[in-house]
>>> print(open('structure_24.cif').read())   # mmCIF, C-alpha atoms and all ligand atoms
data_my_file
loop_
_atom_site.group_PDB
_atom_site.id
_atom_site.type_symbol
_atom_site.label_atom_id
_atom_site.label_comp_id
_atom_site.auth_asym_id
_atom_site.auth_seq_id
_atom_site.Cartn_x
_atom_site.Cartn_y
_atom_site.Cartn_z
ATOM 1 C CA MET J 630 13.679 -14.818 -9.318
ATOM 2 C CA THR J 631 10.982 -13.237 -7.160
ATOM 3 C CA ARG J 632 7.520 -13.143 -8.643
ATOM 4 C CA PRO J 633 5.899 -9.737 -9.205
ATOM 5 C CA VAL J 634 4.046 -8.306 -6.211
ATOM 6 C CA ALA J 635 0.621 -8.583 -7.883
ATOM 7 C CA GLU J 636 1.068 -12.356 -8.231
ATOM 8 C CA ARG J 637 1.894 -12.749 -4.539
ATOM 9 C CA ILE J 638 -1.406 -11.213 -3.356
ATOM 10 C CA GLU J 639 -4.617 -13.210 -3.354
ATOM 11 C CA LEU J 640 -8.169 -12.179 -2.444
ATOM 12 C CA ILE J 641 -10.630 -14.762 -1.224
ATOM 13 C CA ARG J 642 -13.990 -14.900 0.445
ATOM 14 C CA GLY J 643 -14.182 -17.222 3.423
ATOM 15 C CA ASP J 644 -13.419 -18.055 7.033
ATOM 16 C CA ILE J 645 -9.822 -17.234 7.973
ATOM 17 C CA THR J 646 -9.758 -19.890 10.718
ATOM 18 C CA ARG J 647 -9.815 -22.630 8.076
ATOM 19 C CA LEU J 648 -6.721 -21.574 6.168
ATOM 20 C CA ASP J 649 -3.638 -23.751 6.113
ATOM 21 C CA VAL J 650 -1.008 -20.999 6.018
ATOM 22 C CA ASP J 651 2.062 -20.179 8.095
ATOM 23 C CA ALA J 652 0.242 -17.346 9.890
ATOM 24 C CA ILE J 653 -3.230 -15.908 10.129
ATOM 25 C CA VAL J 654 -3.689 -12.400 11.476
ATOM 26 C CA ASN J 655 -6.246 -11.748 14.185
ATOM 27 C CA ALA J 656 -8.133 -8.452 14.523
ATOM 28 C CA ALA J 657 -7.578 -8.324 18.275
ATOM 29 C CA ASN J 658 -8.084 -5.690 20.957
ATOM 30 C CA THR J 659 -5.474 -4.249 23.327
ATOM 31 C CA SER J 660 -6.119 -6.870 26.025
ATOM 32 C CA LEU J 661 -5.333 -9.756 23.616
ATOM 33 C CA LEU J 662 -7.758 -11.768 25.722
ATOM 34 C CA GLY J 663 -10.342 -12.459 23.036
ATOM 35 C CA GLY J 664 -13.473 -10.719 21.843
ATOM 36 C CA GLY J 665 -16.182 -11.005 19.221
ATOM 37 C CA GLY J 666 -15.986 -11.219 15.429
ATOM 38 C CA VAL J 667 -12.920 -12.799 13.902
ATOM 39 C CA ASP J 668 -11.146 -12.739 17.292
ATOM 40 C CA GLY J 669 -13.806 -14.960 18.866
ATOM 41 C CA ALA J 670 -13.776 -17.311 15.880
ATOM 42 C CA ILE J 671 -9.976 -17.688 16.047
ATOM 43 C CA HIS J 672 -9.978 -18.406 19.791
ATOM 44 C CA ARG J 673 -12.798 -20.947 19.422
ATOM 45 C CA ALA J 674 -11.003 -22.774 16.631
ATOM 46 C CA ALA J 675 -7.543 -22.638 18.252
ATOM 47 C CA GLY J 676 -8.684 -23.877 21.662
ATOM 48 C CA PRO J 677 -7.931 -22.682 25.204
ATOM 49 C CA GLU J 678 -4.154 -22.985 24.797
ATOM 50 C CA LEU J 679 -4.238 -19.860 22.630
ATOM 51 C CA LEU J 680 -5.818 -17.786 25.391
ATOM 52 C CA ALA J 681 -3.279 -19.189 27.861
ATOM 53 C CA GLU J 682 -0.387 -17.988 25.681
ATOM 54 C CA CYS J 683 -2.102 -14.615 25.088
ATOM 55 C CA ARG J 684 -2.313 -14.109 28.861
ATOM 56 C CA THR J 685 1.489 -14.149 29.041
ATOM 57 C CA LEU J 686 1.888 -11.325 26.518
ATOM 58 C CA GLY J 687 0.761 -8.349 28.606
ATOM 59 C CA GLY J 688 -1.569 -6.919 25.971
ATOM 60 C CA CYS J 689 -0.607 -4.983 22.850
ATOM 61 C CA SER J 690 -0.829 -1.323 21.868
ATOM 62 C CA THR J 691 -3.066 -0.094 19.072
ATOM 63 C CA GLY J 692 -1.261 -0.107 15.717
ATOM 64 C CA SER J 693 1.034 -2.951 16.712
ATOM 65 C CA ALA J 694 0.946 -6.769 16.821
ATOM 66 C CA LYS J 695 2.254 -9.824 18.690
ATOM 67 C CA ILE J 696 2.704 -13.433 17.559
ATOM 68 C CA THR J 697 1.667 -16.732 19.144
ATOM 69 C CA ARG J 698 1.449 -20.340 18.063
ATOM 70 C CA GLY J 699 -1.680 -21.557 16.250
ATOM 71 C CA TYR J 700 -2.521 -24.574 18.447
ATOM 72 C CA ARG J 701 -5.561 -26.403 16.975
ATOM 73 C CA LEU J 702 -5.769 -24.146 13.918
ATOM 74 C CA PRO J 703 -4.451 -25.366 10.588
ATOM 75 C CA ALA J 704 -2.285 -22.188 10.635
ATOM 76 C CA ARG J 705 1.075 -22.510 12.430
ATOM 77 C CA HIS J 706 0.957 -19.032 13.993
ATOM 78 C CA VAL J 707 -1.514 -16.310 14.910
ATOM 79 C CA ILE J 708 -0.383 -12.707 14.649
ATOM 80 C CA HIS J 709 -2.622 -10.623 16.899
ATOM 81 C CA ALA J 710 -2.876 -7.102 15.460
ATOM 82 C CA VAL J 711 -4.741 -4.314 17.223
ATOM 83 C CA GLY J 712 -6.444 -1.979 14.772
ATOM 84 C CA PRO J 713 -7.795 1.457 15.682
ATOM 85 C CA VAL J 714 -11.410 2.199 16.485
ATOM 86 C CA TYR J 715 -12.564 4.465 13.631
ATOM 87 C CA ARG J 716 -13.651 7.956 14.637
ATOM 88 C CA ASP J 717 -13.414 10.423 11.750
ATOM 89 C CA GLY J 718 -10.321 9.340 9.794
ATOM 90 C CA ARG J 719 -8.373 12.344 11.098
ATOM 91 C CA SER J 720 -7.522 10.985 14.522
ATOM 92 C CA GLY J 721 -4.477 8.954 13.562
ATOM 93 C CA GLU J 722 -6.462 5.935 12.363
ATOM 94 C CA PRO J 723 -4.740 5.544 8.953
ATOM 95 C CA GLU J 724 -1.245 5.491 10.485
ATOM 96 C CA LEU J 725 -2.347 3.096 13.237
ATOM 97 C CA LEU J 726 -3.964 0.733 10.745
ATOM 98 C CA ALA J 727 -0.854 0.880 8.530
ATOM 99 C CA GLY J 728 1.201 0.011 11.624
ATOM 100 C CA CYS J 729 -0.808 -3.195 12.078
ATOM 101 C CA TYR J 730 -0.001 -4.383 8.560
ATOM 102 C CA ARG J 731 3.667 -3.377 8.740
ATOM 103 C CA THR J 732 4.211 -4.997 12.152
ATOM 104 C CA ALA J 733 2.349 -8.170 11.204
ATOM 105 C CA LEU J 734 4.405 -8.575 8.024
ATOM 106 C CA ARG J 735 7.659 -7.903 9.897
ATOM 107 C CA LEU J 736 6.733 -10.511 12.546
ATOM 108 C CA ALA J 737 5.919 -12.984 9.784
ATOM 109 C CA VAL J 738 9.382 -12.568 8.259
ATOM 110 C CA GLU J 739 11.119 -12.734 11.654
ATOM 111 C CA ASN J 740 9.339 -16.015 12.381
ATOM 112 C CA GLY J 741 9.960 -17.648 9.022
ATOM 113 C CA CYS J 742 6.352 -17.387 7.821
ATOM 114 C CA ARG J 743 6.154 -17.364 4.016
ATOM 115 C CA THR J 744 2.339 -17.395 3.699
ATOM 116 C CA ILE J 745 0.128 -15.049 5.711
ATOM 117 C CA ALA J 746 -3.604 -14.301 5.690
ATOM 118 C CA PHE J 747 -5.233 -11.065 6.866
ATOM 119 C CA PRO J 748 -8.861 -10.318 7.713
ATOM 120 C CA ALA J 749 -10.176 -6.778 7.182
ATOM 121 C CA ILE J 750 -8.689 -5.403 10.424
ATOM 122 C CA SER J 751 -10.887 -2.725 12.082
ATOM 123 C CA CYS J 752 -13.683 -3.119 9.500
ATOM 124 C CA GLY J 753 -16.151 -4.865 11.817
ATOM 125 C CA VAL J 754 -17.028 -3.622 15.293
ATOM 126 C CA PHE J 755 -14.250 -0.984 15.057
ATOM 127 C CA GLY J 756 -16.122 0.690 12.180
ATOM 128 C CA TYR J 757 -13.344 1.466 9.672
ATOM 129 C CA PRO J 758 -14.811 2.108 6.187
ATOM 130 C CA MET J 759 -13.865 -0.907 4.061
ATOM 131 C CA ALA J 760 -12.537 0.913 0.963
ATOM 132 C CA ALA J 761 -10.285 3.232 2.975
ATOM 133 C CA ALA J 762 -9.010 0.297 5.033
ATOM 134 C CA ALA J 763 -8.416 -1.790 1.893
ATOM 135 C CA ARG J 764 -6.241 0.975 0.391
ATOM 136 C CA ILE J 765 -4.073 0.918 3.495
ATOM 137 C CA ALA J 766 -3.960 -2.892 3.676
ATOM 138 C CA ILE J 767 -3.047 -3.338 0.013
ATOM 139 C CA GLY J 768 -0.782 -0.266 -0.126
ATOM 140 C CA GLU J 769 1.309 -1.326 2.886
ATOM 141 C CA THR J 770 1.442 -4.922 1.676
ATOM 142 C CA THR J 771 2.628 -4.075 -1.838
ATOM 143 C CA ASP J 772 5.342 -1.776 -0.411
ATOM 144 C CA PHE J 773 6.464 -4.520 1.946
ATOM 145 C CA LEU J 774 6.441 -7.313 -0.643
ATOM 146 C CA ALA J 775 8.488 -5.206 -3.043
ATOM 147 C CA ARG J 776 11.231 -5.057 -0.383
ATOM 148 C CA HIS J 777 10.892 -8.601 1.050
ATOM 149 C CA ASP J 778 11.045 -11.718 -1.077
ATOM 150 C CA GLU J 779 10.876 -13.874 2.078
ATOM 151 C CA ILE J 780 7.059 -13.732 1.829
ATOM 152 C CA ASP J 781 5.586 -15.892 -0.927
ATOM 153 C CA LYS J 782 1.919 -15.076 -0.518
ATOM 154 C CA VAL J 783 -0.389 -12.643 1.276
ATOM 155 C CA ILE J 784 -4.054 -13.623 1.289
ATOM 156 C CA PHE J 785 -6.753 -11.091 2.144
ATOM 157 C CA VAL J 786 -9.757 -12.977 3.484
ATOM 158 C CA LEU J 787 -13.103 -11.219 3.216
ATOM 159 C CA PHE J 788 -16.108 -12.499 5.031
ATOM 160 C CA ASP J 789 -18.711 -11.390 2.503
ATOM 161 C CA GLU J 790 -19.099 -10.683 -1.205
ATOM 162 C CA ARG J 791 -19.261 -6.909 -0.710
ATOM 163 C CA GLY J 792 -15.942 -6.873 1.100
ATOM 164 C CA LEU J 793 -14.372 -9.003 -1.611
ATOM 165 C CA ASP J 794 -15.701 -6.661 -4.284
ATOM 166 C CA THR J 795 -14.249 -3.631 -2.499
ATOM 167 C CA TYR J 796 -10.822 -5.273 -2.219
ATOM 168 C CA ARG J 797 -10.937 -6.280 -5.907
ATOM 169 C CA LYS J 798 -11.556 -2.660 -6.916
ATOM 170 C CA VAL J 799 -8.751 -1.379 -4.706
ATOM 171 C CA MET J 800 -6.370 -4.024 -6.116
ATOM 172 C CA THR J 801 -7.111 -2.771 -9.612
ATOM 173 C CA GLU J 802 -6.632 0.818 -8.469
ATOM 174 C CA LEU J 803 -3.317 0.272 -6.674
ATOM 175 C CA VAL J 804 -1.595 -2.799 -8.056
ATOM 176 C CA SER J 805 -2.665 -3.363 -11.647
ATOM 177 C CA PRO J 806 -4.111 -0.052 -12.852
ATOM 178 C CA PRO J 807 -6.138 -0.395 -16.038
ATOM 179 C CA SER J 808 -4.408 1.084 -19.108
ATOM 180 C CA GLU J 809 -5.275 4.712 -19.799
ATOM 181 C CA GLN J 810 -8.385 5.276 -21.868
ATOM 182 C CA LYS J 811 -7.920 7.400 -24.991
ATOM 183 C CA PRO J 812 -10.649 10.037 -25.470
HETATM 184 P P1 LIG E 1 -12.557 -5.210 14.446
HETATM 185 O O1 LIG E 1 -12.921 -5.171 15.903
HETATM 186 O O2 LIG E 1 -11.070 -5.028 14.203
HETATM 187 O O3 LIG E 1 -13.409 -4.326 13.613
HETATM 188 P P2 LIG E 1 -14.099 -7.621 13.684
HETATM 189 O O4 LIG E 1 -13.750 -9.031 14.051
HETATM 190 O O5 LIG E 1 -15.332 -7.028 14.291
HETATM 191 O O6 LIG E 1 -12.781 -6.763 14.039
HETATM 192 O O7 LIG E 1 -14.211 -7.504 12.119
HETATM 193 C C1 LIG E 1 -13.122 -7.493 11.231
HETATM 194 C C2 LIG E 1 -13.530 -8.101 9.901
HETATM 195 O O8 LIG E 1 -13.446 -9.521 9.996
HETATM 196 C C3 LIG E 1 -14.957 -7.789 9.478
HETATM 197 O O9 LIG E 1 -14.949 -7.400 8.111
HETATM 198 C C4 LIG E 1 -15.698 -9.122 9.679
HETATM 199 O O10 LIG E 1 -16.740 -9.303 8.738
HETATM 200 C C5 LIG E 1 -14.590 -10.111 9.397
HETATM 201 N N1 LIG E 1 -14.709 -11.468 9.961
HETATM 202 C C6 LIG E 1 -15.452 -11.905 11.008
HETATM 203 N N2 LIG E 1 -15.275 -13.230 11.206
HETATM 204 C C7 LIG E 1 -14.383 -13.650 10.256
HETATM 205 C C8 LIG E 1 -13.788 -14.911 9.897
HETATM 206 N N3 LIG E 1 -14.053 -16.035 10.575
HETATM 207 N N4 LIG E 1 -12.917 -14.944 8.842
HETATM 208 C C9 LIG E 1 -12.623 -13.829 8.159
HETATM 209 N N5 LIG E 1 -13.138 -12.614 8.435
HETATM 210 C C10 LIG E 1 -14.012 -12.521 9.471
#
>>> encode(input="structure_24.cif", output="structure tokens", more="lines below")
Ligand code: ADP
Amino acid sequence: MTRPVAERIELIRGDITRLDVDAIVNAANTSLLGGGGVDGAIHRAAGPELLAECRTLGGCSTGSAKITRGYRLPARHVIHAVGPVYRDGRSGEPELLAGCYRTALRLAVENGCRTIAFPAISCGVFGYPMAAAARIAIGETTDFLARHDEIDKVIFVLFDERGLDTYRKVMTELVSPPSEQKP
């Protein structure tokens, strides 16, 4: 029997490049040719073969994702997702960010990945407010997991304690709401 969705989501603080999972997700840009932040860290850890494969992909549109091998990473695959640059929250950013999570999870299933780790896509240089992004990340993931038992575990990897705290609060809000307080 499939475990409940809440038990298949894990929050950790750390460096996503070190995780031994079937797929890690990269917060890439449309060129897929590397960048700063988590993208730079993933390319450094995976080695030049990753960039060589990325060059064959022809870029990726915002809100979507493409998959490669993981090369020197402990992870078997990298799913390169392109999040939106945050403007005002009313310029299509929520739907584009949701698209990253949906596409990445679909690619994971199509490629037989049962464990997948996400960074906080768009929450660095792209400026997406962490709490709003976490609601989308966790909301899309819980919807997906409820429909797909092919995925055993989704790990959200936060780089700092503040990010982890924000995700913890959103998990409580969306996945395991506290019982109603009596007046
Ligand atoms: P974007 O351009 O999509 O905003 P960034 O790489 O600038 O992407 O940041 C996305 C998030 O990834 C940020 O919250 C940042 O702190 C975090 N981050 C940076 N390096 C790592 C890493 N090695 N592992 C996990 N998260 C990371």
>>> closest_atom_pairs(input="structure_24.cif", of="chain J", to="ligand LIG 1 (chain E)", cutoff="10 Å", atoms="all atoms listed in the file", output="JSON lines")
{"residue": "J:Ile641", "atom": "CA", "partner": "E:LIG1", "partner_atom": "C9", "distance": 9.6}
{"residue": "J:Arg642", "atom": "CA", "partner": "E:LIG1", "partner_atom": "C9", "distance": 7.9}
{"residue": "J:Gly643", "atom": "CA", "partner": "E:LIG1", "partner_atom": "N4", "distance": 6.0}
{"residue": "J:Asp644", "atom": "CA", "partner": "E:LIG1", "partner_atom": "N4", "distance": 3.6}
{"residue": "J:Ile645", "atom": "CA", "partner": "E:LIG1", "partner_atom": "N4", "distance": 3.9}
{"residue": "J:Thr646", "atom": "CA", "partner": "E:LIG1", "partner_atom": "N3", "distance": 5.8}
{"residue": "J:Arg647", "atom": "CA", "partner": "E:LIG1", "partner_atom": "N3", "distance": 8.2}
{"residue": "J:Leu648", "atom": "CA", "partner": "E:LIG1", "partner_atom": "N4", "distance": 9.5}
{"residue": "J:Ile653", "atom": "CA", "partner": "E:LIG1", "partner_atom": "N4", "distance": 9.8}
{"residue": "J:Val654", "atom": "CA", "partner": "E:LIG1", "partner_atom": "C9", "distance": 9.6}
{"residue": "J:Asn655", "atom": "CA", "partner": "E:LIG1", "partner_atom": "O4", "distance": 8.0}
{"residue": "J:Ala656", "atom": "CA", "partner": "E:LIG1", "partner_atom": "O2", "distance": 4.5}
{"residue": "J:Ala657", "atom": "CA", "partner": "E:LIG1", "partner_atom": "O2", "distance": 6.3}
{"residue": "J:Asn658", "atom": "CA", "partner": "E:LIG1", "partner_atom": "O1", "distance": 7.0}
{"residue": "J:Gly664", "atom": "CA", "partner": "E:LIG1", "partner_atom": "O4", "distance": 8.0}
{"residue": "J:Gly665", "atom": "CA", "partner": "E:LIG1", "partner_atom": "O4", "distance": 6.0}
{"residue": "J:Gly666", "atom": "CA", "partner": "E:LIG1", "partner_atom": "O4", "distance": 3.4}
{"residue": "J:Val667", "atom": "CA", "partner": "E:LIG1", "partner_atom": "N2", "distance": 3.6}
{"residue": "J:Asp668", "atom": "CA", "partner": "E:LIG1", "partner_atom": "O4", "distance": 5.6}
{"residue": "J:Gly669", "atom": "CA", "partner": "E:LIG1", "partner_atom": "O4", "distance": 7.6}
{"residue": "J:Ala670", "atom": "CA", "partner": "E:LIG1", "partner_atom": "N3", "distance": 5.5}
{"residue": "J:Ile671", "atom": "CA", "partner": "E:LIG1", "partner_atom": "N3", "distance": 7.0}
{"residue": "J:Ala674", "atom": "CA", "partner": "E:LIG1", "partner_atom": "N3", "distance": 9.6}
{"residue": "J:Ala710", "atom": "CA", "partner": "E:LIG1", "partner_atom": "O2", "distance": 8.5}
{"residue": "J:Val711", "atom": "CA", "partner": "E:LIG1", "partner_atom": "O2", "distance": 7.0}
{"residue": "J:Gly712", "atom": "CA", "partner": "E:LIG1", "partner_atom": "O2", "distance": 5.6}
{"residue": "J:Pro713", "atom": "CA", "partner": "E:LIG1", "partner_atom": "O2", "distance": 7.4}
{"residue": "J:Val714", "atom": "CA", "partner": "E:LIG1", "partner_atom": "O3", "distance": 7.4}
{"residue": "J:Tyr715", "atom": "CA", "partner": "E:LIG1", "partner_atom": "O3", "distance": 8.8}
{"residue": "J:Leu726", "atom": "CA", "partner": "E:LIG1", "partner_atom": "O2", "distance": 9.8}
{"residue": "J:Ala746", "atom": "CA", "partner": "E:LIG1", "partner_atom": "C9", "distance": 9.4}
{"residue": "J:Phe747", "atom": "CA", "partner": "E:LIG1", "partner_atom": "C9", "distance": 8.0}
{"residue": "J:Pro748", "atom": "CA", "partner": "E:LIG1", "partner_atom": "N5", "distance": 4.9}
{"residue": "J:Ala749", "atom": "CA", "partner": "E:LIG1", "partner_atom": "C2", "distance": 4.5}
{"residue": "J:Ile750", "atom": "CA", "partner": "E:LIG1", "partner_atom": "O2", "distance": 4.5}
{"residue": "J:Ser751", "atom": "CA", "partner": "E:LIG1", "partner_atom": "O2", "distance": 3.1}
{"residue": "J:Cys752", "atom": "CA", "partner": "E:LIG1", "partner_atom": "O3", "distance": 4.3}
{"residue": "J:Gly753", "atom": "CA", "partner": "E:LIG1", "partner_atom": "O7", "distance": 3.3}
{"residue": "J:Val754", "atom": "CA", "partner": "E:LIG1", "partner_atom": "O5", "distance": 3.9}
{"residue": "J:Phe755", "atom": "CA", "partner": "E:LIG1", "partner_atom": "O3", "distance": 3.7}
{"residue": "J:Gly756", "atom": "CA", "partner": "E:LIG1", "partner_atom": "O3", "distance": 5.9}
{"residue": "J:Tyr757", "atom": "CA", "partner": "E:LIG1", "partner_atom": "O3", "distance": 7.0}
{"residue": "J:Pro758", "atom": "CA", "partner": "E:LIG1", "partner_atom": "O9", "distance": 9.7}
{"residue": "J:Met759", "atom": "CA", "partner": "E:LIG1", "partner_atom": "O9", "distance": 7.7}
{"residue": "J:Phe785", "atom": "CA", "partner": "E:LIG1", "partner_atom": "C9", "distance": 8.8}
{"residue": "J:Val786", "atom": "CA", "partner": "E:LIG1", "partner_atom": "C9", "distance": 5.5}
{"residue": "J:Leu787", "atom": "CA", "partner": "E:LIG1", "partner_atom": "N5", "distance": 5.4}
{"residue": "J:Phe788", "atom": "CA", "partner": "E:LIG1", "partner_atom": "N5", "distance": 4.5}
{"residue": "J:Asp789", "atom": "CA", "partner": "E:LIG1", "partner_atom": "O10", "distance": 6.9}
{"residue": "J:Arg791", "atom": "CA", "partner": "E:LIG1", "partner_atom": "O9", "distance": 9.8}
{"residue": "J:Gly792", "atom": "CA", "partner": "E:LIG1", "partner_atom": "O9", "distance": 7.1}
{"residue": "J:Leu793", "atom": "CA", "partner": "E:LIG1", "partner_atom": "O9", "distance": 9.9}
>>> atom_distance(input="structure_24.cif", atom1="atom CA of J:Arg632", atom2="atom CA of J:Leu774")
10.0 Å
>>> resolve_selection(input="structure_24.cif", expression="the PyMOL selection byres (((chain J and resi 740) around 12) and not hetatm)", output="PDB file with C-alpha atoms, keeping the file's coordinate frame")
ATOM      1  CA  ASP J 651       2.062 -20.179   8.095  1.00  0.00           C
ATOM      2  CA  ALA J 652       0.242 -17.346   9.890  1.00  0.00           C
ATOM      3  CA  LYS J 695       2.254  -9.824  18.690  1.00  0.00           C
ATOM      4  CA  ILE J 696       2.704 -13.433  17.559  1.00  0.00           C
ATOM      5  CA  THR J 697       1.667 -16.732  19.144  1.00  0.00           C
ATOM      6  CA  ARG J 698       1.449 -20.340  18.063  1.00  0.00           C
ATOM      7  CA  ARG J 705       1.075 -22.510  12.430  1.00  0.00           C
ATOM      8  CA  HIS J 706       0.957 -19.032  13.993  1.00  0.00           C
ATOM      9  CA  VAL J 707      -1.514 -16.310  14.910  1.00  0.00           C
ATOM     10  CA  ILE J 708      -0.383 -12.707  14.649  1.00  0.00           C
ATOM     11  CA  ALA J 733       2.349  -8.170  11.204  1.00  0.00           C
ATOM     12  CA  LEU J 734       4.405  -8.575   8.024  1.00  0.00           C
ATOM     13  CA  ARG J 735       7.659  -7.903   9.897  1.00  0.00           C
ATOM     14  CA  LEU J 736       6.733 -10.511  12.546  1.00  0.00           C
ATOM     15  CA  ALA J 737       5.919 -12.984   9.784  1.00  0.00           C
ATOM     16  CA  VAL J 738       9.382 -12.568   8.259  1.00  0.00           C
ATOM     17  CA  GLU J 739      11.119 -12.734  11.654  1.00  0.00           C
ATOM     18  CA  GLY J 741       9.960 -17.648   9.022  1.00  0.00           C
ATOM     19  CA  CYS J 742       6.352 -17.387   7.821  1.00  0.00           C
ATOM     20  CA  ARG J 743       6.154 -17.364   4.016  1.00  0.00           C
ATOM     21  CA  THR J 744       2.339 -17.395   3.699  1.00  0.00           C
ATOM     22  CA  ILE J 745       0.128 -15.049   5.711  1.00  0.00           C
ATOM     23  CA  GLU J 779      10.876 -13.874   2.078  1.00  0.00           C
ATOM     24  CA  ILE J 780       7.059 -13.732   1.829  1.00  0.00           C
TER      25      ILE J 780
END
>>> atom_distance(input="structure_24.cif", atom1="atom CA of J:Pro703", atom2="atom CA of J:Val799")
28.8 Å
>>> atom_distance(input="structure_24.cif", atom1="atom CA of J:Lys798", atom2="atom CA of J:Ile638")
13.7 Å
>>> residues_around(input="structure_24.cif", residues="stretch 681-687 of chain J", least_positions_apart="2", cutoff="8 Å", atoms="all atoms listed in the file", output="VMD selection string")
chain J and resid 660 to 662 677 to 679 689 695 697
>>> write_last_selection(input="structure_24.cif", atoms="C-alpha atoms", output="mmCIF file, in the coordinates of the input")
data_model
loop_
_atom_site.group_PDB
_atom_site.id
_atom_site.type_symbol
_atom_site.label_atom_id
_atom_site.label_comp_id
_atom_site.auth_asym_id
_atom_site.auth_seq_id
_atom_site.Cartn_x
_atom_site.Cartn_y
_atom_site.Cartn_z
ATOM 1 C CA SER J 660 -6.119 -6.870 26.025
ATOM 2 C CA LEU J 661 -5.333 -9.756 23.616
ATOM 3 C CA LEU J 662 -7.758 -11.768 25.722
ATOM 4 C CA PRO J 677 -7.931 -22.682 25.204
ATOM 5 C CA GLU J 678 -4.154 -22.985 24.797
ATOM 6 C CA LEU J 679 -4.238 -19.860 22.630
ATOM 7 C CA CYS J 689 -0.607 -4.983 22.850
ATOM 8 C CA LYS J 695 2.254 -9.824 18.690
ATOM 9 C CA THR J 697 1.667 -16.732 19.144
#
>>> closest_residue(input="structure_24.cif", among="J:Gly721, J:Cys729, J:Asp794, J:Leu702", to="J:Val650", atoms="only C-alpha atoms")
J:Leu702
>>> build_atoms(input="structure_24.cif", residues="stretch 674-679 of chain J", atoms="all heavy atoms", output="CSV table (one decimal), keeping the file's coordinate frame")
chain,number,residue,atom,x,y,z
J,674,ALA,N,-11.6,-21.7,17.5
J,674,ALA,CA,-11.0,-22.8,16.6
J,674,ALA,C,-9.6,-23.2,17.2
J,674,ALA,O,-9.2,-24.4,17.0
J,674,ALA,CB,-10.9,-22.3,15.2
J,675,ALA,N,-8.9,-22.3,17.8
J,675,ALA,CA,-7.5,-22.6,18.3
J,675,ALA,C,-7.6,-23.4,19.6
J,675,ALA,O,-6.6,-24.1,19.9
J,675,ALA,CB,-6.7,-21.4,18.4
J,676,GLY,N,-8.6,-23.2,20.4
J,676,GLY,CA,-8.7,-23.9,21.7
J,676,GLY,C,-8.1,-23.0,22.8
J,676,GLY,O,-7.5,-22.0,22.5
J,677,PRO,N,-8.3,-23.5,24.0
J,677,PRO,CA,-7.9,-22.7,25.2
J,677,PRO,C,-6.4,-22.4,25.4
J,677,PRO,O,-6.0,-21.5,26.0
J,677,PRO,CB,-8.4,-23.5,26.4
J,677,PRO,CG,-8.7,-24.9,25.8
J,677,PRO,CD,-8.9,-24.8,24.4
J,678,GLU,N,-5.6,-23.2,24.7
J,678,GLU,CA,-4.2,-23.0,24.8
J,678,GLU,C,-3.8,-21.6,24.2
J,678,GLU,O,-2.8,-21.0,24.7
J,678,GLU,CB,-3.4,-24.1,24.1
J,678,GLU,CG,-3.6,-25.5,24.6
J,678,GLU,CD,-4.7,-26.3,23.9
J,678,GLU,OE1,-5.6,-25.6,23.3
J,678,GLU,OE2,-4.6,-27.5,24.0
J,679,LEU,N,-4.6,-21.2,23.2
J,679,LEU,CA,-4.2,-19.9,22.6
J,679,LEU,C,-4.4,-18.8,23.7
J,679,LEU,O,-3.6,-17.9,23.8
J,679,LEU,CB,-5.1,-19.6,21.4
J,679,LEU,CG,-4.9,-18.2,20.7
J,679,LEU,CD1,-3.4,-18.1,20.2
J,679,LEU,CD2,-5.8,-18.0,19.6
